[in-house]
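To start, the structure under review is shown below, and the notes come after it.
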Amino acid sequence: MRAVVHDRYGPPDLLRVEEIPTPAPAAGQVLIRVAATSVNLSDWETLLGTPFYSRIGGLRTPARPVLGSDIAGRVEAVGPGVTRFQPGDEVYGDNLALKGGFAEYAVAPEQALAAKPAALGFAAASTIPQAGVIAMQGVAGARPGQRVLINGAGGGSGAFAIQLAKHAGAEVTGVDNAGKLDFMRSVGADHVLDYRRDDFTRTGPYDLILDLVAHRSVFAYRRALARGGRYRCVGGSTRTLLRVLTAGPFTGRRIRVLAVRSGPEHFTPVADRCVAGDLAVHVDRTFTLDQVPEALTRVGEGKALGKIVILPAT
């Protein structure tokens with residue numbers, strides 16, 4: 001099968017398309033013919049090997065030679081003990097543990113997958129499992145009239161988070177680069193900020209902050225929070241995340257790292273809302289396997305408006 005592989009950390013030009021053996025599903029695993037894989041910021045970070053936590057499981061060299069965790073496709077074969085799926089079933093899920101989505105075939109644990117809703121195409125379904133879950137858990141508890149700020153709101157998780165916060169009745173401020181301001185407005189943000197020009201920690205105060213690219217001090221985040229407000233970060237520098245973990249509880253505000261809970265029980269509710277029309281999936285562009293370096297670069301450089309999707313069969 002064709003797959004995009006890398007054997008050391010570094011820039012996108014280290015990636016190459018190779019013919020490698022098609023994996024065989026082990027016990028409890030499913031072999032999927034990949035129809036679509038969405039690109040997450042975690043793919044970019046694992047490619048570079050930075051922040052340092054992206055090297056978990058592979059300190060010196062990548063633990064998995066093929067990136068891509070949010071996959072959608074058809075079941076090709078099942079391993080021993082698999083009971084929920086059979087060949088031909090359409091599935092999707094977040095295969096973060098094994099990755100392998102930037103290829104024609106990938107193996108995934110049965111428990112990481114769900115049946116794809118017939119109303120969602122493969123590309124749309126692949127955008128949901130990781131980004132949708134981060135968004136839903138990140139803005140959970142938002143209420144009518146609250147001021148919610150989302151930092152990094154122009155990407156995949158951010159686009160979902162804006163919509164979810166608006167449905168909750170919140171007043172939403174989106175923060176990203178200048179090229180994404182119109183996009184954030186189109187998704188539903190009431191206010192938008194260019195992070196290169198505006199320091200969001202000196203605006204507000206906000207009742208809830210979801211930070212997808214945390215790089216500031218906990219004291220700056222405290223300044224931006226209203227009394228009783230909550231700050232949750234998901235991505236960012238290792239130093240910032242460690243400071244939030246260690247110093248956040250002592251700031252007098254609820255400043256925490258969001259421990260994302262993954263799996264079908266968490267992403268299928270997001271998909272259900274997409275099917276119902278409550279949430280819109282925003283696919284910026286689609287790319288082929290040969291264009292994976294370009295796709296990852298677009299995400300890594302913060303240019304993607306919503307999600308980027310890889311279509312291996314194209």
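Ligands are numbered from 1 in the order shown, chains are lettered A, B, ... in the order of the structure tokens, and residues start at 1 in each chain.
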Mind checking DSSP for range 103-263 of chain A and telling me the helix (DSSP H, G or I) residues as a PDB file with C-alpha atoms, in the first residue's frame?
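File written: result.pdb
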ATOM      1  CA  GLU A 110     -12.296  -1.691  17.668  1.00  0.00           C
ATOM      2  CA  GLN A 111     -13.095   0.447  20.725  1.00  0.00           C
ATOM      3  CA  ALA A 112     -11.721   3.592  19.018  1.00  0.00           C
ATOM      4  CA  PHE A 122     -16.152  10.374   4.826  1.00  0.00           C
ATOM      5  CA  ALA A 123     -14.361  13.728   4.690  1.00  0.00           C
ATOM      6  CA  ALA A 124     -16.826  15.353   7.087  1.00  0.00           C
ATOM      7  CA  ALA A 125     -16.783  12.392   9.469  1.00  0.00           C
ATOM      8  CA  SER A 126     -12.988  12.445   9.668  1.00  0.00           C
ATOM      9  CA  ALA A 131     -11.430  18.368  17.017  1.00  0.00           C
ATOM     10  CA  GLY A 132     -15.089  18.000  17.885  1.00  0.00           C
ATOM     11  CA  VAL A 133     -14.392  16.378  21.235  1.00  0.00           C
ATOM     12  CA  ILE A 134     -11.865  19.038  22.236  1.00  0.00           C
ATOM     13  CA  ALA A 135     -14.378  21.732  21.336  1.00  0.00           C
ATOM     14  CA  MET A 136     -17.320  20.153  23.137  1.00  0.00           C
ATOM     15  CA  GLN A 137     -15.396  19.450  26.334  1.00  0.00           C
ATOM     16  CA  GLY A 138     -13.573  22.760  26.117  1.00  0.00           C
ATOM     17  CA  GLY A 156     -10.611  22.788  13.391  1.00  0.00           C
ATOM     18  CA  SER A 157     -11.392  22.631  17.109  1.00  0.00           C
ATOM     19  CA  GLY A 158     -11.922  26.380  17.227  1.00  0.00           C
ATOM     20  CA  ALA A 159     -14.570  26.381  14.505  1.00  0.00           C
ATOM     21  CA  PHE A 160     -16.551  23.734  16.367  1.00  0.00           C
ATOM     22  CA  ALA A 161     -16.039  25.533  19.692  1.00  0.00           C
ATOM     23  CA  ILE A 162     -17.371  28.843  18.370  1.00  0.00           C
ATOM     24  CA  GLN A 163     -20.544  27.169  17.183  1.00  0.00           C
ATOM     25  CA  LEU A 164     -21.041  25.186  20.392  1.00  0.00           C
ATOM     26  CA  ALA A 165     -20.554  28.247  22.588  1.00  0.00           C
ATOM     27  CA  LYS A 166     -22.991  30.252  20.464  1.00  0.00           C
ATOM     28  CA  HIS A 167     -25.594  27.487  20.696  1.00  0.00           C
ATOM     29  CA  ALA A 178      -5.471  38.304  10.749  1.00  0.00           C
ATOM     30  CA  GLY A 179      -6.125  35.914   7.867  1.00  0.00           C
ATOM     31  CA  LYS A 180      -8.804  34.133   9.879  1.00  0.00           C
ATOM     32  CA  LEU A 181     -10.849  37.047  11.222  1.00  0.00           C
ATOM     33  CA  ASP A 182     -13.542  36.897   8.537  1.00  0.00           C
ATOM     34  CA  PHE A 183     -13.720  33.120   8.829  1.00  0.00           C
ATOM     35  CA  MET A 184     -14.299  33.288  12.598  1.00  0.00           C
ATOM     36  CA  ARG A 185     -17.072  35.831  12.042  1.00  0.00           C
ATOM     37  CA  SER A 186     -18.672  33.572   9.422  1.00  0.00           C
ATOM     38  CA  VAL A 187     -18.681  30.662  11.878  1.00  0.00           C
ATOM     39  CA  PHE A 200      -6.551  39.043  24.658  1.00  0.00           C
ATOM     40  CA  THR A 201      -5.413  38.775  28.283  1.00  0.00           C
ATOM     41  CA  ARG A 202      -5.867  42.551  28.515  1.00  0.00           C
ATOM     42  CA  VAL A 218      -0.792  31.891  34.317  1.00  0.00           C
ATOM     43  CA  PHE A 219      -0.908  35.424  35.747  1.00  0.00           C
ATOM     44  CA  ALA A 220      -1.885  36.811  32.337  1.00  0.00           C
ATOM     45  CA  TYR A 221      -4.665  34.239  32.121  1.00  0.00           C
ATOM     46  CA  ARG A 222      -5.797  35.127  35.632  1.00  0.00           C
ATOM     47  CA  ARG A 223      -6.021  38.792  34.594  1.00  0.00           C
ATOM     48  CA  ALA A 224      -8.335  37.848  31.716  1.00  0.00           C
ATOM     49  CA  THR A 238       5.475  22.387  27.275  1.00  0.00           C
ATOM     50  CA  ARG A 239       6.615  25.174  29.600  1.00  0.00           C
ATOM     51  CA  THR A 240       3.189  26.828  29.609  1.00  0.00           C
ATOM     52  CA  LEU A 241       1.324  23.582  30.200  1.00  0.00           C
ATOM     53  CA  LEU A 242       3.621  22.718  33.113  1.00  0.00           C
ATOM     54  CA  ARG A 243       3.065  26.170  34.608  1.00  0.00           C
ATOM     55  CA  VAL A 244      -0.692  25.811  34.275  1.00  0.00           C
ATOM     56  CA  LEU A 245      -0.528  22.390  35.926  1.00  0.00           C
ATOM     57  CA  THR A 246       1.666  23.499  38.812  1.00  0.00           C
ATOM     58  CA  ALA A 247       0.786  27.155  39.385  1.00  0.00           C
ATOM     59  CA  GLY A 248      -2.745  27.342  38.016  1.00  0.00           C
ATOM     60  CA  PRO A 249      -4.438  25.961  41.162  1.00  0.00           C
ATOM     61  CA  PHE A 250      -2.783  28.667  43.273  1.00  0.00           C
TER      62      PHE A 250
END
Counting only C-alpha atoms, which residues in range 245-311 of chain A sit no more than 9 Å from range 70-93 of chain A? For each one, give the nearest pair of atoms and the distance in Å, sorted by chain then residue number, as a tab-separated table.
residue	atom	partner	partner_atom	distance
A:Gly263	CA	A:Gly93	CA	7.5
A:Pro264	CA	A:Gly93	CA	7.0
A:Phe267	CA	A:Gly93	CA	8.1
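Take the candidates A:Asp190, A:Asp272, A:Glu19, A:Asp211 and check each one against Thr173 in chain A using only C-alpha atoms; the shortest distance goes to A:Asp190.
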Practice item. Between A:Leu225, A:Ile20, A:Leu149, A:Ala108, single out the one closest to Arg253 in chain A, counting only C-alpha atoms. Key: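 When distances to Arg253 in chain A are compared using only C-alpha atoms, the smallest one comes from A:Leu225.
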Practice item. Find the residue from A:Leu41, A:Leu31, A:Ala119, A:Ala106 that sits nearest to Val4 in chain A; use only C-alpha atoms when measuring. Key: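 Smallest separation from Val4 in chain A among the options: A:Ala106.
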Exercise for review: Return as a PyMOL selection string the full set of residues in range 129-241 of chain A whose backbone-based DSSP assignment is strand (DSSP E).
Suggested key: chain A and resi 147-151+171-176+191-194+206-211+225-233
**Study point:** Non-local contacts of range 227-229 of chain A (8 Å; only C-alpha atoms; under 6 positions in same chain excluded) as a list in words
**Key:**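 So, after excluding close chain neighbours, the residues are Tyr206, Asp207, Leu208, Arg253 and Arg254 of chain A.
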Next, the residues of the selection above should be written as a PDB file, in the first residue's frame with N, CA and C atoms.
ATOM      1  N   TYR A 206     -13.393  37.479  30.969  1.00  0.00           N
ATOM      2  CA  TYR A 206     -14.170  36.407  30.368  1.00  0.00           C
ATOM      3  C   TYR A 206     -14.581  35.381  31.418  1.00  0.00           C
ATOM      4  N   ASP A 207     -15.743  34.797  31.188  1.00  0.00           N
ATOM      5  CA  ASP A 207     -16.238  33.757  32.096  1.00  0.00           C
ATOM      6  C   ASP A 207     -15.639  32.391  31.774  1.00  0.00           C
ATOM      7  N   LEU A 208     -15.245  32.211  30.518  1.00  0.00           N
ATOM      8  CA  LEU A 208     -14.644  30.946  30.090  1.00  0.00           C
ATOM      9  C   LEU A 208     -13.641  31.228  28.983  1.00  0.00           C
ATOM     10  N   ARG A 253      -8.006  31.444  40.702  1.00  0.00           N
ATOM     11  CA  ARG A 253      -8.951  31.251  39.605  1.00  0.00           C
ATOM     12  C   ARG A 253      -8.870  29.788  39.161  1.00  0.00           C
ATOM     13  N   ARG A 254      -9.897  29.348  38.450  1.00  0.00           N
ATOM     14  CA  ARG A 254      -9.907  27.964  37.973  1.00  0.00           C
ATOM     15  C   ARG A 254      -9.142  27.889  36.645  1.00  0.00           C
TER      16      ARG A 254
END
**Study point:** Near-Ala63 in chain A list (10 Å; only C-alpha atoms; drop same-chain fewer than 4 positions) as a list in words
**Key:**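 In the requested format, the answer is Asp7, Arg8, Thr46, Arg55, Ile56, Gly57, Gly58, Leu59, Leu67, Ala97, Leu98 and Lys99 of chain A.
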Exercise for review: Fewer than 5 positions away in the same chain doesn't count, so skip those; otherwise give me all residues within 10 Å of Ala313 in chain A, counting only C-alpha atoms, as a list in words.
Suggested key: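 Near Ala313 in chain A, the qualifying residues are Arg2, Arg33, Val34, Ala35, Ala36, Ala103, Glu104, Thr288 and Leu289 of chain A.
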Point to revise | Nearest candidate to Leu113 in chain A (options A:Val283, A:Ala140, A:Val30, A:Ile308; using only C-alpha atoms) | key: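 Closest residue, counting only C-alpha atoms: A:Val30.
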Point to revise | Neighbour list for Leu14 in chain A as a PyMOL selection string, cut-off 10 Å, only C-alpha atoms, skip fewer than 5 positions in-chain | key: chain A and resi 5-9+47-48+293
Would you mind exporting the chosen residues as a compact mmCIF listing (two decimals), in the first residue's frame, restricted to all heavy atoms?
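Just written: part_24.txt:
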# COMPACT_ATOMS: atom_id res chain seq x y z
N VAL A 5 5.46 8.30 5.08
CA VAL A 5 6.23 7.85 6.23
C VAL A 5 7.31 8.87 6.61
O VAL A 5 7.72 9.70 5.80
CB VAL A 5 6.90 6.48 5.96
CG1 VAL A 5 5.85 5.44 5.61
CG2 VAL A 5 7.92 6.59 4.83
N HIS A 6 7.73 8.80 7.87
CA HIS A 6 8.89 9.57 8.34
C HIS A 6 9.58 8.74 9.40
O HIS A 6 8.94 8.00 10.15
CB HIS A 6 8.49 10.95 8.86
CG HIS A 6 7.77 10.96 10.18
ND1 HIS A 6 8.03 11.86 11.16
CD2 HIS A 6 6.79 10.15 10.67
CE1 HIS A 6 7.25 11.63 12.21
NE2 HIS A 6 6.49 10.61 11.93
N ASP A 7 10.90 8.84 9.46
CA ASP A 7 11.65 8.03 10.43
C ASP A 7 12.49 8.88 11.38
O ASP A 7 13.26 8.35 12.18
CB ASP A 7 12.55 7.00 9.72
CG ASP A 7 13.38 7.60 8.61
OD1 ASP A 7 13.66 8.82 8.66
OD2 ASP A 7 13.75 6.86 7.68
N ARG A 8 12.33 10.21 11.31
CA ARG A 8 12.96 11.08 12.29
C ARG A 8 12.17 12.38 12.37
O ARG A 8 11.41 12.72 11.48
CB ARG A 8 14.43 11.36 11.95
CG ARG A 8 14.69 12.00 10.61
CD ARG A 8 16.18 11.94 10.27
NE ARG A 8 16.50 12.45 8.95
CZ ARG A 8 16.96 13.66 8.69
NH1 ARG A 8 17.15 14.52 9.68
NH2 ARG A 8 17.25 14.03 7.46
N TYR A 9 12.33 13.06 13.50
CA TYR A 9 11.62 14.31 13.71
C TYR A 9 12.23 15.42 12.87
O TYR A 9 13.46 15.48 12.70
CB TYR A 9 11.66 14.69 15.18
CG TYR A 9 10.96 13.70 16.09
CD1 TYR A 9 11.68 12.95 17.01
CD2 TYR A 9 9.58 13.52 16.02
CE1 TYR A 9 11.04 12.06 17.86
CE2 TYR A 9 8.94 12.62 16.85
CZ TYR A 9 9.68 11.88 17.77
OH TYR A 9 9.04 11.00 18.59
N LEU A 47 5.21 15.42 13.95
CA LEU A 47 6.17 15.48 12.85
C LEU A 47 7.45 16.18 13.30
O LEU A 47 8.56 15.69 13.09
CB LEU A 47 5.56 16.20 11.66
CG LEU A 47 6.51 16.53 10.50
CD1 LEU A 47 7.00 15.26 9.83
CD2 LEU A 47 5.84 17.45 9.49
N LEU A 48 7.29 17.34 13.94
CA LEU A 48 8.45 18.13 14.36
C LEU A 48 9.12 17.56 15.61
O LEU A 48 10.32 17.79 15.83
CB LEU A 48 8.02 19.57 14.65
CG LEU A 48 7.41 20.37 13.50
CD1 LEU A 48 7.07 21.78 13.98
CD2 LEU A 48 8.33 20.42 12.29
N PRO A 293 2.83 16.75 2.86
CA PRO A 293 3.71 17.79 3.40
C PRO A 293 3.11 19.18 3.30
O PRO A 293 3.22 19.99 4.23
CB PRO A 293 4.97 17.66 2.54
CG PRO A 293 4.98 16.21 2.11
CD PRO A 293 3.53 15.89 1.88
Check your understanding: Pick from A:Thr314, A:Gln130, A:Ser42, A:Thr203: nearest to Ser262 in chain A, with only C-alpha atoms counted?
Key -> A:Gln130
Review point. At what distance in Å, to one decimal, does CA of Gly306 in chain A lie from CA of Val281 in chain A?
Key: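 Calculated distance between CA of Val281 in chain A and CA of Gly306 in chain A is 8.1 Å.
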